[in-house]
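K.L.:
Dropping in structure00.cif, which is mmCIF, C-alpha atoms:
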```
data_query
#
loop_
_atom_site.group_PDB
_atom_site.id
_atom_site.type_symbol
_atom_site.label_atom_id
_atom_site.label_comp_id
_atom_site.auth_asym_id
_atom_site.auth_seq_id
_atom_site.Cartn_x
_atom_site.Cartn_y
_atom_site.Cartn_z
ATOM 1 C CA MET U 22 -35.888 16.873 -82.319
ATOM 2 C CA ILE U 23 -33.637 17.889 -79.499
ATOM 3 C CA LYS U 24 -35.118 17.341 -76.099
ATOM 4 C CA SER U 25 -34.639 20.011 -73.554
ATOM 5 C CA VAL U 26 -32.532 19.071 -70.594
ATOM 6 C CA SER U 27 -33.333 20.514 -67.202
ATOM 7 C CA PHE U 28 -30.657 20.975 -64.553
ATOM 8 C CA HIS U 29 -31.369 20.866 -60.857
ATOM 9 C CA THR U 30 -30.527 24.153 -59.192
ATOM 10 C CA PRO U 31 -29.989 23.755 -55.454
ATOM 11 C CA GLY U 32 -32.085 25.998 -53.287
ATOM 12 C CA LYS U 33 -30.670 28.196 -50.551
ATOM 13 C CA ASP U 34 -31.572 25.746 -47.768
ATOM 14 C CA GLU U 35 -29.912 22.870 -49.597
ATOM 15 C CA LYS U 36 -26.758 24.923 -50.207
ATOM 16 C CA ASP U 37 -26.631 25.931 -46.556
ATOM 17 C CA GLY U 38 -27.076 22.305 -45.486
ATOM 18 C CA LYS U 39 -24.218 21.097 -47.683
ATOM 19 C CA SER U 40 -21.993 23.927 -46.530
ATOM 20 C CA ALA U 41 -22.695 23.070 -42.916
ATOM 21 C CA LEU U 42 -21.892 19.410 -43.587
ATOM 22 C CA ARG U 43 -18.601 20.362 -45.244
ATOM 23 C CA ARG U 44 -17.715 22.599 -42.313
ATOM 24 C CA LYS U 45 -18.418 19.811 -39.821
ATOM 25 C CA ARG U 46 -16.255 17.358 -41.714
ATOM 26 C CA SER U 47 -13.514 19.957 -42.043
ATOM 27 C CA ASP U 48 -13.626 20.676 -38.313
ATOM 28 C CA LEU U 49 -13.481 17.004 -37.411
ATOM 29 C CA VAL U 50 -10.530 16.393 -39.679
ATOM 30 C CA ARG U 51 -8.609 19.389 -38.405
ATOM 31 C CA HIS U 52 -9.291 18.985 -34.678
ATOM 32 C CA LEU U 53 -10.070 15.320 -34.143
ATOM 33 C CA SER U 54 -7.988 13.487 -36.707
ATOM 34 C CA ARG U 55 -4.955 15.610 -37.460
ATOM 35 C CA LYS U 56 -2.083 13.767 -39.169
ATOM 36 C CA SER U 57 1.165 13.616 -37.238
ATOM 37 C CA THR U 58 3.152 14.180 -40.428
ATOM 38 C CA GLY U 59 1.975 17.700 -41.095
ATOM 39 C CA HIS U 60 -0.959 19.749 -42.274
ATOM 40 C CA ILE U 61 -3.718 18.103 -44.262
ATOM 41 C CA LYS U 62 -3.709 18.880 -47.959
ATOM 42 C CA HIS U 63 -6.604 16.686 -49.004
ATOM 43 C CA ARG U 64 -9.752 16.278 -46.957
ATOM 44 C CA GLY U 65 -11.611 13.691 -48.998
ATOM 45 C CA PHE U 66 -13.566 10.874 -47.412
ATOM 46 C CA SER U 67 -10.712 8.363 -47.581
ATOM 47 C CA THR U 68 -8.378 10.784 -45.774
ATOM 48 C CA PHE U 69 -11.025 11.521 -43.179
ATOM 49 C CA LYS U 70 -11.619 7.794 -42.632
ATOM 50 C CA SER U 71 -7.932 6.914 -42.200
ATOM 51 C CA MET U 72 -7.325 9.817 -39.821
ATOM 52 C CA ARG U 73 -10.390 8.962 -37.783
ATOM 53 C CA GLU U 74 -8.982 5.458 -37.456
ATOM 54 C CA GLY U 75 -5.689 6.985 -36.232
ATOM 55 C CA PHE U 76 -7.599 8.863 -33.552
ATOM 56 C CA GLN U 77 -9.334 5.655 -32.506
ATOM 57 C CA ASP U 78 -5.978 3.862 -32.309
ATOM 58 C CA ASN U 79 -4.751 6.473 -29.809
ATOM 59 C CA VAL U 80 -7.921 6.041 -27.770
ATOM 60 C CA THR U 81 -7.618 2.249 -27.746
ATOM 61 C CA VAL U 82 -3.981 2.323 -26.593
ATOM 62 C CA LEU U 83 -4.751 4.715 -23.724
ATOM 63 C CA TYR U 84 -7.884 2.815 -22.731
ATOM 64 C CA LYS U 85 -5.891 -0.408 -22.370
ATOM 65 C CA GLN U 86 -2.989 1.358 -20.672
ATOM 66 C CA PHE U 87 -5.242 2.320 -17.773
ATOM 67 C CA ASN U 88 -6.682 -1.200 -17.542
ATOM 68 C CA GLU U 89 -10.100 0.063 -18.592
ATOM 69 C CA ASP U 90 -10.386 1.940 -15.269
ATOM 70 C CA VAL U 91 -11.388 5.091 -17.145
ATOM 71 C CA PRO U 92 -14.590 4.820 -19.243
ATOM 72 C CA LEU U 93 -13.924 4.558 -22.983
ATOM 73 C CA GLU U 94 -16.198 7.510 -23.705
ATOM 74 C CA LEU U 95 -14.209 9.709 -21.326
ATOM 75 C CA VAL U 96 -10.915 8.583 -22.892
ATOM 76 C CA GLU U 97 -12.237 9.652 -26.302
ATOM 77 C CA LYS U 98 -13.281 13.048 -24.986
ATOM 78 C CA VAL U 99 -9.961 13.661 -23.233
ATOM 79 C CA VAL U 100 -8.051 12.822 -26.417
ATOM 80 C CA ALA U 101 -10.356 15.137 -28.360
ATOM 81 C CA TYR U 102 -9.761 17.892 -25.792
ATOM 82 C CA CYS U 103 -5.984 17.492 -26.061
ATOM 83 C CA ARG U 104 -6.174 17.767 -29.843
ATOM 84 C CA CYS U 105 -7.966 21.088 -29.409
ATOM 85 C CA VAL U 106 -5.060 22.570 -27.420
ATOM 86 C CA CYS U 107 -2.406 21.187 -29.765
ATOM 87 C CA PRO U 108 -1.161 24.189 -31.787
ATOM 88 C CA GLU U 109 -1.675 24.066 -35.549
ATOM 89 C CA GLU U 110 1.794 25.297 -36.437
ATOM 90 C CA ILE U 111 3.669 22.740 -34.261
ATOM 91 C CA ASP U 112 1.702 19.605 -34.917
ATOM 92 C CA SER U 113 1.192 17.328 -31.919
ATOM 93 C CA ILE U 114 3.604 19.246 -29.629
ATOM 94 C CA ILE U 115 2.534 21.050 -26.447
ATOM 95 C CA GLU U 116 4.944 23.746 -25.261
ATOM 96 C CA GLN U 117 5.474 24.370 -21.574
ATOM 97 C CA ASN U 118 3.574 27.655 -21.436
ATOM 98 C CA MET U 119 0.473 25.833 -22.722
ATOM 99 C CA PHE U 120 1.085 22.950 -20.324
ATOM 100 C CA ASP U 121 1.363 25.376 -17.392
ATOM 101 C CA ALA U 122 -1.871 27.090 -18.450
ATOM 102 C CA ILE U 123 -3.770 23.785 -18.625
ATOM 103 C CA MET U 124 -2.453 22.602 -15.269
ATOM 104 C CA SER U 125 -3.119 25.893 -13.487
ATOM 105 C CA LYS U 126 -6.490 26.821 -15.008
ATOM 106 C CA ARG U 127 -8.070 23.398 -15.373
ATOM 107 C CA PHE U 128 -6.490 21.557 -12.420
ATOM 108 C CA ASN U 129 -5.393 24.327 -10.034
ATOM 109 C CA LEU U 130 -1.775 23.121 -9.981
ATOM 110 C CA THR U 131 0.380 26.225 -9.621
ATOM 111 C CA LYS U 132 3.657 25.259 -7.921
ATOM 112 C CA ARG U 133 6.504 26.244 -10.232
ATOM 113 C CA ILE U 134 8.945 23.485 -9.326
ATOM 114 C CA MET U 135 6.188 20.887 -9.525
ATOM 115 C CA LEU U 136 5.042 22.056 -12.981
ATOM 116 C CA ASP U 137 8.594 21.958 -14.313
ATOM 117 C CA GLN U 138 9.106 18.426 -13.030
ATOM 118 C CA MET U 139 5.685 17.253 -14.220
ATOM 119 C CA PHE U 140 6.436 18.522 -17.723
ATOM 120 C CA LYS U 141 9.735 16.632 -17.817
ATOM 121 C CA VAL U 142 8.258 13.394 -16.524
ATOM 122 C CA ALA U 143 5.215 13.551 -18.801
ATOM 123 C CA SER U 144 7.466 14.096 -21.830
ATOM 124 C CA LYS U 145 9.171 10.751 -21.059
ATOM 125 C CA ARG U 146 12.579 12.245 -21.850
ATOM 126 C CA THR U 147 15.561 12.219 -19.484
ATOM 127 C CA ARG U 148 17.367 15.210 -20.971
ATOM 128 C CA PRO U 149 16.521 18.412 -22.865
ATOM 129 C CA PRO U 150 14.788 19.279 -25.057
ATOM 130 C CA PHE U 151 11.671 18.156 -23.212
ATOM 131 C CA LEU U 152 8.955 17.843 -25.855
ATOM 132 C CA LEU U 153 5.444 17.038 -24.712
ATOM 133 C CA LYS U 154 3.357 15.352 -27.385
ATOM 134 C CA MET U 155 -0.402 15.377 -27.564
ATOM 135 C CA ASP U 156 -0.678 11.756 -26.455
ATOM 136 C CA ASN U 157 1.653 12.467 -23.480
ATOM 137 C CA LEU U 158 -0.730 15.189 -22.328
ATOM 138 C CA ALA U 159 -3.748 12.918 -22.765
ATOM 139 C CA GLU U 160 -1.979 10.190 -20.778
ATOM 140 C CA LEU U 161 -1.263 12.599 -17.906
ATOM 141 C CA ILE U 162 -4.839 13.884 -17.741
ATOM 142 C CA LEU U 163 -6.178 10.322 -17.781
ATOM 143 C CA LEU U 164 -3.772 9.509 -14.948
ATOM 144 C CA PHE U 165 -5.418 12.311 -12.963
ATOM 145 C CA LEU U 166 -8.838 10.763 -13.646
ATOM 146 C CA CYS U 167 -7.778 7.155 -13.055
ATOM 147 C CA PRO U 168 -8.544 5.596 -9.630
ATOM 148 C CA ASP U 169 -5.376 3.422 -9.674
ATOM 149 C CA ILE U 170 -3.299 4.829 -6.816
ATOM 150 C CA GLN U 171 -0.192 2.791 -7.723
ATOM 151 C CA GLN U 172 0.038 4.390 -11.171
ATOM 152 C CA LYS U 173 -0.292 7.781 -9.541
ATOM 153 C CA ALA U 174 2.374 6.878 -6.980
ATOM 154 C CA GLU U 175 4.825 5.928 -9.728
ATOM 155 C CA PHE U 176 4.259 9.256 -11.505
ATOM 156 C CA VAL U 177 4.667 11.270 -8.295
ATOM 157 C CA PHE U 178 7.828 9.354 -7.396
ATOM 158 C CA HIS U 179 9.438 10.312 -10.717
ATOM 159 C CA VAL U 180 8.361 13.933 -10.252
ATOM 160 C CA TYR U 181 10.105 13.998 -6.874
ATOM 161 C CA ASP U 182 13.160 12.247 -8.353
ATOM 162 C CA ILE U 183 14.539 15.598 -9.428
ATOM 163 C CA ASN U 184 17.942 14.221 -10.496
ATOM 164 C CA ASN U 185 16.485 11.264 -12.383
ATOM 165 C CA ARG U 186 18.393 8.633 -10.390
ATOM 166 C CA GLY U 187 15.540 6.171 -9.983
ATOM 167 C CA SER U 188 15.537 6.681 -6.211
ATOM 168 C CA LEU U 189 15.011 9.515 -3.742
ATOM 169 C CA THR U 190 17.917 10.723 -1.624
ATOM 170 C CA LYS U 191 18.055 13.401 1.045
ATOM 171 C CA PRO U 192 19.499 15.949 -1.444
ATOM 172 C CA ASP U 193 16.517 15.206 -3.744
ATOM 173 C CA LEU U 194 14.101 15.778 -0.892
ATOM 174 C CA ARG U 195 15.849 18.997 0.079
ATOM 175 C CA SER U 196 15.840 20.307 -3.530
ATOM 176 C CA VAL U 197 12.099 19.808 -3.852
ATOM 177 C CA LEU U 198 11.095 20.727 -0.313
ATOM 178 C CA ALA U 199 13.141 23.915 0.214
ATOM 179 C CA PRO U 200 11.204 26.075 -2.336
ATOM 180 C CA MET U 201 7.956 24.950 -0.714
ATOM 181 C CA LEU U 202 8.924 26.388 2.672
ATOM 182 C CA VAL U 203 9.955 29.924 1.716
ATOM 183 C CA ASP U 204 6.832 31.405 3.298
ATOM 184 C CA ILE U 205 7.912 30.293 6.748
ATOM 185 C CA LYS U 206 11.555 31.327 6.562
ATOM 186 C CA THR U 207 12.935 33.119 9.566
ATOM 187 C CA ASP U 208 15.372 35.999 9.840
ATOM 188 C CA ASP U 209 18.127 33.571 10.773
ATOM 189 C CA LEU U 210 19.642 31.637 7.840
ATOM 190 C CA ASP U 211 20.852 28.882 10.179
ATOM 191 C CA ASP U 212 17.317 28.432 11.477
ATOM 192 C CA ASP U 213 16.042 28.154 7.899
ATOM 193 C CA GLU U 214 18.559 25.426 7.129
ATOM 194 C CA ASP U 215 17.631 23.598 10.334
ATOM 195 C CA LEU U 216 13.935 23.821 9.439
ATOM 196 C CA VAL U 217 14.436 22.264 6.007
ATOM 197 C CA GLY U 218 16.852 19.692 7.398
ATOM 198 C CA ASN U 219 14.388 18.615 10.076
ATOM 199 C CA PHE U 220 11.643 18.090 7.516
ATOM 200 C CA VAL U 221 13.975 16.111 5.249
ATOM 201 C CA ASP U 222 15.129 13.912 8.150
ATOM 202 C CA LEU U 223 11.545 13.303 9.214
ATOM 203 C CA VAL U 224 10.406 12.271 5.748
ATOM 204 C CA ALA U 225 13.476 10.114 5.089
ATOM 205 C CA THR U 226 13.146 8.340 8.443
ATOM 206 C CA ARG U 227 9.500 7.506 7.815
ATOM 207 C CA MET U 228 9.863 6.338 4.198
ATOM 208 C CA ASP U 229 13.258 4.606 4.126
ATOM 209 C CA VAL U 230 11.893 1.224 5.162
ATOM 210 C CA ASN U 231 15.083 -0.800 4.612
ATOM 211 C CA HIS U 232 17.367 1.913 6.087
ATOM 212 C CA ASP U 233 19.762 2.150 3.128
ATOM 213 C CA SER U 234 19.628 5.988 3.002
ATOM 214 C CA VAL U 235 17.596 6.046 -0.228
ATOM 215 C CA ILE U 236 13.881 5.746 -0.920
ATOM 216 C CA GLU U 237 13.071 3.264 -3.688
ATOM 217 C CA LEU U 238 9.915 3.211 -5.789
ATOM 218 C CA ASN U 239 8.572 0.105 -4.062
ATOM 219 C CA GLU U 240 9.067 1.735 -0.641
ATOM 220 C CA PHE U 241 7.229 4.831 -1.788
ATOM 221 C CA GLN U 242 4.365 2.791 -3.272
ATOM 222 C CA GLU U 243 4.095 0.786 -0.061
ATOM 223 C CA MET U 244 3.763 3.959 2.015
ATOM 224 C CA VAL U 245 1.199 5.407 -0.405
ATOM 225 C CA GLU U 246 -0.806 2.179 -0.237
ATOM 226 C CA LYS U 247 -1.013 2.593 3.538
ATOM 227 C CA ASP U 248 -1.767 6.320 3.421
ATOM 228 C CA SER U 249 -2.556 8.190 0.195
ATOM 229 C CA MET U 250 -1.541 11.476 1.831
ATOM 230 C CA TRP U 251 2.059 10.550 1.015
ATOM 231 C CA LEU U 252 1.260 11.322 -2.625
ATOM 232 C CA GLN U 253 1.615 14.989 -1.713
ATOM 233 C CA PHE U 254 4.353 14.824 0.904
ATOM 234 C CA LEU U 255 6.782 17.096 -1.019
ATOM 235 C CA GLY U 256 4.257 19.198 -2.868
ATOM 236 C CA PRO U 257 1.130 18.860 -5.004
ATOM 237 C CA CYS U 258 1.616 17.343 -8.450
ATOM 238 C CA LEU U 259 -1.826 15.738 -8.611
ATOM 239 C CA PRO U 260 -5.091 17.696 -8.651
ATOM 240 C CA SER U 261 -7.562 17.493 -5.807
ATOM 241 C CA ASP U 262 -10.680 15.329 -6.057
ATOM 242 C CA ALA U 263 -12.738 18.492 -6.455
ATOM 243 C CA ASP U 264 -10.626 19.700 -9.379
ATOM 244 C CA THR U 265 -10.731 16.346 -11.178
ATOM 245 C CA LYS U 266 -14.487 16.279 -10.682
ATOM 246 C CA SER U 267 -14.779 19.771 -12.176
ATOM 247 C CA PHE U 268 -12.749 18.666 -15.197
ATOM 248 C CA ARG U 269 -14.957 15.605 -15.738
ATOM 249 C CA GLU U 270 -18.037 17.792 -15.576
ATOM 250 C CA LEU U 271 -16.783 19.811 -18.546
ATOM 251 C CA PHE U 272 -17.641 16.842 -20.773
ATOM 252 C CA GLU U 273 -20.862 15.648 -19.176
ATOM 253 C CA GLY U 274 -23.738 15.249 -21.638
ATOM 254 C CA LEU U 275 -21.592 16.181 -24.649
ATOM 255 C CA THR U 276 -21.091 14.141 -27.793
ATOM 256 C CA LEU U 277 -17.602 13.824 -29.216
ATOM 257 C CA PHE U 278 -18.332 16.458 -31.838
ATOM 258 C CA GLU U 279 -19.797 18.799 -29.207
ATOM 259 C CA VAL U 280 -16.559 18.457 -27.223
ATOM 260 C CA GLN U 281 -14.690 19.615 -30.323
ATOM 261 C CA ALA U 282 -17.029 22.555 -30.762
ATOM 262 C CA LYS U 283 -16.878 23.577 -27.094
ATOM 263 C CA PHE U 284 -13.084 23.530 -26.849
ATOM 264 C CA ARG U 285 -12.229 24.724 -30.344
ATOM 265 C CA SER U 286 -10.808 27.936 -28.900
ATOM 266 C CA GLU U 287 -9.418 26.372 -25.719
ATOM 267 C CA SER U 288 -5.792 27.224 -26.495
ATOM 268 C CA ARG U 289 -6.702 30.876 -27.055
ATOM 269 C CA TYR U 290 -8.714 30.948 -23.829
ATOM 270 C CA LEU U 291 -5.916 29.355 -21.815
ATOM 271 C CA LEU U 292 -3.223 31.732 -23.054
ATOM 272 C CA GLN U 293 -5.276 34.934 -23.033
ATOM 273 C CA THR U 294 -7.030 34.533 -19.690
ATOM 274 C CA PRO U 295 -4.933 35.939 -16.822
ATOM 275 C CA GLU U 296 -2.957 33.119 -15.263
ATOM 276 C CA PRO U 297 -3.333 32.186 -11.617
ATOM 277 C CA LYS U 298 -0.202 33.171 -9.732
ATOM 278 C CA LEU U 299 2.398 30.427 -10.007
ATOM 279 C CA SER U 300 4.119 29.976 -6.696
ATOM 280 C CA GLY U 301 6.472 27.674 -4.907
ATOM 281 C CA THR U 302 4.859 27.605 -1.498
ATOM 282 C CA PHE U 303 2.077 25.953 0.426
ATOM 283 C CA ASN U 304 -0.632 28.014 2.073
ATOM 284 C CA GLY U 305 0.464 27.031 5.537
ATOM 285 C CA LEU U 306 3.242 25.295 7.388
ATOM 286 C CA TYR U 307 2.894 21.891 5.690
ATOM 287 C CA PRO U 308 0.164 20.123 3.740
ATOM 288 C CA PHE U 309 -0.433 17.411 6.334
ATOM 289 C CA ARG U 310 0.858 16.140 9.669
ATOM 290 C CA LEU U 311 3.793 13.727 9.570
ATOM 291 C CA GLU U 312 4.152 11.480 12.591
ATOM 292 C CA LEU U 313 7.030 9.209 13.440
ATOM 293 C CA PRO U 314 6.133 5.581 14.199
#
```
Do you think you could lay out the structure here as C-alpha cells?
P.N.:
Amino acid sequence: MIKSVSFHTPGKDEKDGKSALRRKRSDLVRHLSRKSTGHIKHRGFSTFKSMREGFQDNVTVLYKQFNEDVPLELVEKVVAYCRCVCPEEIDSIIEQNMFDAIMSKRFNLTKRIMLDQMFKVASKRTRPPFLLKMDNLAELILLFLCPDIQQKAEFVFHVYDINNRGSLTKPDLRSVLAPMLVDIKTDDLDDDEDLVGNFVDLVATRMDVNHDSVIELNEFQEMVEKDSMWLQFLGPCLPSDADTKSFRELFEGLTLFEVQAKFRSESRYLLQTPEPKLSGTFNGLYPFRLELP
C-alpha cells in the first residue's frame, strides 16, 4: 500500500517573511560588503560572511589609525555611509563631483580651490589621475570627527602645500590666498597685488619660526597647537564644529542596517539636489584677526 505523502505549502505570511529576509541579506551584501574586485555574482552565505569580514577589516584599520579616538560604532557607520555613496558601476571609486557634493551638502565646505586640494590630498596621490577610493573618503570624514588636532594640522598643511613640496613657501601662500580675496579687490591692480602681498608677508612672518623662508610641517603644527585658528588661516578645509555635530546626528539611534537603509539613495540625493554655490571667497575681509608678536 502506498502511503500518501503530504508537502508543506508555505503560506503568504511565510513567503513574505522569507522574501524580506532575502532582500535584507541582498541589501547588506550590495551596500555593506561589496567586493573590491567587481560585482557580486553569488550571494550565498559563505560569500556574505567573507565580505562582511572584509568590511570589518576596513573598520578595524580605521579605528586603530585614529588611536581609538572615534567610537568604534561611529567608525562602522561612517564606513557604511561611504559604501552607500560609492557608485555601483565604478566599484570603490568616488569621483570628484560626488566628493564635492558630499563636502558641500554634508559639511558646508564650498571653496573651489580648497575642494580641489582636499580631493588630491585625500586620494594620497601626488600626480593625476587623482582617484579617491571608498576607504580614503571614510578616512577623511573620520578625520573631521576626530578630536586629534595634530592629525588635522597635518592634513591642512598638505592641502595648503599646493605644489606638493613638503613645505609652504610664499608663492604657495599667494596661490591659495589670492582666490580667497577676490571679493575685496579694488579698482587698482597694484593695490590688489599689495593687498595679497601684505597678507602673505604677515602669515609668513608669524609662522616661519626658524626664519628660513619656508614653513615646515613641524612649525605649522606648533602654531596650531598654540592656536587652533591657524587651521583655517588660508581658507576652510575642515568643517565647523556645528557641521560635524550635524553629521554625527545623522547616525544617532540607528543600527548599522538602519544606516544602510537611510542612506541607500544618498548618491542620488547628493547629485540631484541643487548644489550650494561653490565659491572661492570668504564672507568678509578675513576669517580671523592675525596679530604680529
K.L.:
What is the distance between atom CA of U:Arg133 and atom CA of U:Thr190, in Å to one decimal?
P.N.:
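These atoms are spaced 21.1 Å apart.
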K.L.:
For the structure provided, state which residues fall under the PyMOL selection byres ((chain U and resi 80) around 8), and present them as a short mmCIF file (atom, residue, chain, number, x, y, z; two decimals) with C-alpha atoms, keeping the file's coordinate frame.
P.N.:
```
data_model
loop_
_atom_site.label_atom_id
_atom_site.label_comp_id
_atom_site.auth_asym_id
_atom_site.auth_seq_id
_atom_site.Cartn_x
_atom_site.Cartn_y
_atom_site.Cartn_z
CA PHE U 76 -7.60 8.86 -33.55
CA GLN U 77 -9.33 5.66 -32.51
CA ASP U 78 -5.98 3.86 -32.31
CA ASN U 79 -4.75 6.47 -29.81
CA THR U 81 -7.62 2.25 -27.75
CA VAL U 82 -3.98 2.32 -26.59
CA LEU U 83 -4.75 4.72 -23.72
CA TYR U 84 -7.88 2.82 -22.73
CA LEU U 93 -13.92 4.56 -22.98
CA VAL U 96 -10.92 8.58 -22.89
CA GLU U 97 -12.24 9.65 -26.30
CA VAL U 100 -8.05 12.82 -26.42
#
```
K.L.:
Carefully work through the PyMOL selection byres ((chain U and resi 135) around 8) for this structure and note down the residues it includes, as a list in words.
P.N.:
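Against this file, the PyMOL selection byres ((chain U and resi 135) around 8) returns the residues Thr131, Lys132, Arg133, Ile134, Leu136, Asp137, Gln138, Met139, Val180, Gly256, Pro257 and Cys258 of chain U.
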K.L.:
Could you tell me which of U:Met124, U:Lys85, U:Trp251, U:Lys191 comes closest to U:Asp233 if we count all atoms listed in the file?
P.N.:
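Closest to U:Asp233, using all atoms listed in the file: U:Lys191.
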K.L.:
Please report the interatomic distance between atom CA of U:Gln242 and atom CA of U:Met155 in Å with one decimal.
P.N.:
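According to the coordinates, atom CA of U:Gln242 and atom CA of U:Met155 are separated by 27.8 Å.
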K.L.:
For the structure provided, state which residues fall under the PyMOL selection byres ((chain U and resi 264) around 10), and present them as a VMD selection string.
P.N.:
chain U and resid 126 to 130 165 259 to 263 265 to 270
K.L.:
Taking into account all atoms listed in the file, which residue in the set U:Val217, U:Ile114, U:Ile236, U:Leu198 is nearest to U:Ser144?
P.N.:
U:Ile114
K.L.:
Hey, what's within 12 Å of U:Leu164 if we count all atoms listed in the file and toss same-chain stuff fewer than 2 positions away? As a VMD selection string, please?
P.N.:
chain U and resid 83 to 84 86 to 91 96 99 143 157 to 162 166 to 177 258 to 260 265
K.L.:
Nearest to U:Phe220: which of U:Arg289, U:Leu194, U:His232, U:Glu273 is it, counting only C-alpha atoms?
P.N.:
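That would be U:Leu194, the residue with the smallest distance to U:Phe220.
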K.L.:
I want to know what sits within 12 Å of U:Pro192, based on only C-alpha atoms, with residues of the same chain fewer than 2 positions away left out; could you give that as a list of chain:residue names?
P.N.:
U:Tyr181, U:Asp182, U:Ile183, U:Asn184, U:Arg186, U:Ser188, U:Leu189, U:Thr190, U:Leu194, U:Arg195, U:Ser196, U:Val197, U:Leu198, U:Ala199, U:Val217, U:Gly218, U:Val221, U:Asp222, U:Ala225, U:Ser234, U:Val235, U:Ile236
K.L.:
Those selected residues, please, written with C-alpha atoms and delivered as an mmCIF file, keeping the file's coordinate frame.
P.N.:
```
data_model
loop_
_atom_site.group_PDB
_atom_site.id
_atom_site.type_symbol
_atom_site.label_atom_id
_atom_site.label_comp_id
_atom_site.auth_asym_id
_atom_site.auth_seq_id
_atom_site.Cartn_x
_atom_site.Cartn_y
_atom_site.Cartn_z
ATOM 1 C CA TYR U 181 10.105 13.998 -6.874
ATOM 2 C CA ASP U 182 13.160 12.247 -8.353
ATOM 3 C CA ILE U 183 14.539 15.598 -9.428
ATOM 4 C CA ASN U 184 17.942 14.221 -10.496
ATOM 5 C CA ARG U 186 18.393 8.633 -10.390
ATOM 6 C CA SER U 188 15.537 6.681 -6.211
ATOM 7 C CA LEU U 189 15.011 9.515 -3.742
ATOM 8 C CA THR U 190 17.917 10.723 -1.624
ATOM 9 C CA LEU U 194 14.101 15.778 -0.892
ATOM 10 C CA ARG U 195 15.849 18.997 0.079
ATOM 11 C CA SER U 196 15.840 20.307 -3.530
ATOM 12 C CA VAL U 197 12.099 19.808 -3.852
ATOM 13 C CA LEU U 198 11.095 20.727 -0.313
ATOM 14 C CA ALA U 199 13.141 23.915 0.214
ATOM 15 C CA VAL U 217 14.436 22.264 6.007
ATOM 16 C CA GLY U 218 16.852 19.692 7.398
ATOM 17 C CA VAL U 221 13.975 16.111 5.249
ATOM 18 C CA ASP U 222 15.129 13.912 8.150
ATOM 19 C CA ALA U 225 13.476 10.114 5.089
ATOM 20 C CA SER U 234 19.628 5.988 3.002
ATOM 21 C CA VAL U 235 17.596 6.046 -0.228
ATOM 22 C CA ILE U 236 13.881 5.746 -0.920
#
```
K.L.:
Find the distance between atom CA of U:Leu238 and atom CA of U:Ile115 and write it in Å to one decimal.
P.N.:
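Interatomic distance, atom CA of U:Leu238 to atom CA of U:Ile115: 28.3 Å.
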